[in-house]
Amino acid sequence: MKSKILENKKQKENKLLKSAFDLFTTRDIDTVTISEIARHAGVAKGTFYLYFKDKDQIRNILISRESRRIFLNAQKALEENDIRGFEDAIIFMINHILMELKKNRSILAFIEKNLSWGIFSDYVQNAFADDELHIKNDFIQLAKKNHYQFKDPEVVMYIIIDMVGSTCYSSIINNKPLPIDQYKPYLFDAVRAILRTGKTNEK
C-alpha cells in the first residue's frame with residue numbers, strides 16, 4: 001500500500017515536470033502560470049505546491065536535468081570513441097554538446113546561458129551525487145593520465161563550461177559574434193589555451 005502511494009506521488013511529480021517542460025520550451029517562460037502547469041498535467045493547482053515551492057524551483061530542476069542529460073550523452077559518446085588525448089577528449093565532448101544544442105534550439109533557449117549552473121548547482125550535487133554522470137572525476141583522472149595538473153580542476157571546468165554555454169547561446173541563437181560552425185574553431189583554440197595552462201613536462 002505504501003509503495004503504491006509513493007508511486008502515485010512520483011507519477012504526479014513527473015507529470016508536473018513534463019507539463020512545465022512542454023510549456024517552458026514552447027512559450028515564453030514569463031507567460032506560463034502555475035495554474036497552466038497544473039492543468040496541463042491534469043492535477044489541481046494545490047497539488048503543484050506539494051512538490052515545488054514556485055515556478056522558479058521547477059524551472060531550475062528542469063535546467064539541471066537537461067544539462068545533466070546533455071553532458072551524459074556527450075560522456076557516453078566519448079566512451080564509445082577511442083579518443084585518448086586530454087585536450088582532444090574535452091574538445092570532442094564540447095563539440096558533441098554544441099551539435100545537440102544546435103539541433104535542439106528550443107532546449108538551448110530554455111537553458112539559456114545556464115549550462116554551467118545546471119552542472120555545478122547544489123541541486124545537481126545533491127540529487128545526482130551517486131549516479132552515472134561522473135564528468136568531474138573523469139576530467140581529473142584524464143588530466144592526470146595525460147600529465148596535466150591544475151591547482152583547482154573544478155574551477156577550470158567551470159570556466160570552460162560557462163564560456164561554452166554563454167558564448168554558444170549567442171552564436172547558435174543570434175549568430176553572434178559568428179554562426180556556430182564558424183565560431184567553433186575560435187572557441188576550441190580558447191579551450192585548448194586554458195587546458196594547456198596545466199600541461200606539465202612529465203613524460
# chains A, B, ... in the order shown; residues from 1 in each chain; ligands from 1
call {"tool": "residues_around", "arguments": {"residues": "Ala143 (chain A)", "least_positions_apart": "2", "cutoff": "9 Å", "atoms": "only C-alpha atoms", "output": "ChimeraX atom specification"}}
result
/A:86-87,138-141,145-150,153,198-199
call {"tool": "residues_around", "arguments": {"residues": "Lys10 (chain A)", "least_positions_apart": "6", "cutoff": "10 Å", "atoms": "only C-alpha atoms", "output": "PyMOL selection string"}}
result
chain A and resi 4+16+51
call {"tool": "residues_around", "arguments": {"residues": "Glu80 (chain A)", "least_positions_apart": "4", "cutoff": "12 Å", "atoms": "only C-alpha atoms", "output": "list in words"}}
result
Asn73, Ala74, Gln75, Lys76, Arg84, Ala89, Phe92 and Met93 of chain A
call {"tool": "write_last_selection", "arguments": {"atoms": "N, CA and C atoms", "output": "PDB file, in the first residue's frame"}}
result
ATOM      1  N   ASN A  73      25.035  12.392 -22.402  1.00  0.00           N
ATOM      2  CA  ASN A  73      25.110  11.938 -23.792  1.00  0.00           C
ATOM      3  C   ASN A  73      26.513  12.135 -24.360  1.00  0.00           C
ATOM      4  N   ALA A  74      27.116  13.286 -24.048  1.00  0.00           N
ATOM      5  CA  ALA A  74      28.476  13.551 -24.533  1.00  0.00           C
ATOM      6  C   ALA A  74      29.471  12.604 -23.890  1.00  0.00           C
ATOM      7  N   GLN A  75      29.278  12.335 -22.611  1.00  0.00           N
ATOM      8  CA  GLN A  75      30.160  11.421 -21.886  1.00  0.00           C
ATOM      9  C   GLN A  75      30.093  10.017 -22.473  1.00  0.00           C
ATOM     10  N   LYS A  76      28.889   9.549 -22.781  1.00  0.00           N
ATOM     11  CA  LYS A  76      28.721   8.214 -23.359  1.00  0.00           C
ATOM     12  C   LYS A  76      29.319   8.146 -24.756  1.00  0.00           C
ATOM     13  N   ARG A  84      42.016   9.371 -26.740  1.00  0.00           N
ATOM     14  CA  ARG A  84      42.797   9.235 -25.510  1.00  0.00           C
ATOM     15  C   ARG A  84      43.443  10.546 -25.052  1.00  0.00           C
ATOM     16  N   ALA A  89      39.850  14.928 -26.054  1.00  0.00           N
ATOM     17  CA  ALA A  89      38.654  14.386 -25.397  1.00  0.00           C
ATOM     18  C   ALA A  89      37.722  15.501 -24.953  1.00  0.00           C
ATOM     19  N   PHE A  92      36.128  17.021 -27.999  1.00  0.00           N
ATOM     20  CA  PHE A  92      35.121  16.109 -28.531  1.00  0.00           C
ATOM     21  C   PHE A  92      33.804  16.267 -27.768  1.00  0.00           C
ATOM     22  N   MET A  93      33.885  16.312 -26.450  1.00  0.00           N
ATOM     23  CA  MET A  93      32.671  16.450 -25.643  1.00  0.00           C
ATOM     24  C   MET A  93      31.987  17.786 -25.890  1.00  0.00           C
TER      25      MET A  93
END
call {"tool": "select_by_dssp", "arguments": {"residues": "region 20-78 of chain A", "states": "alpha helix (DSSP H)", "output": "VMD selection string"}}
result
chain A and resid 20 to 24 34 to 41 45 to 51 55 to 78
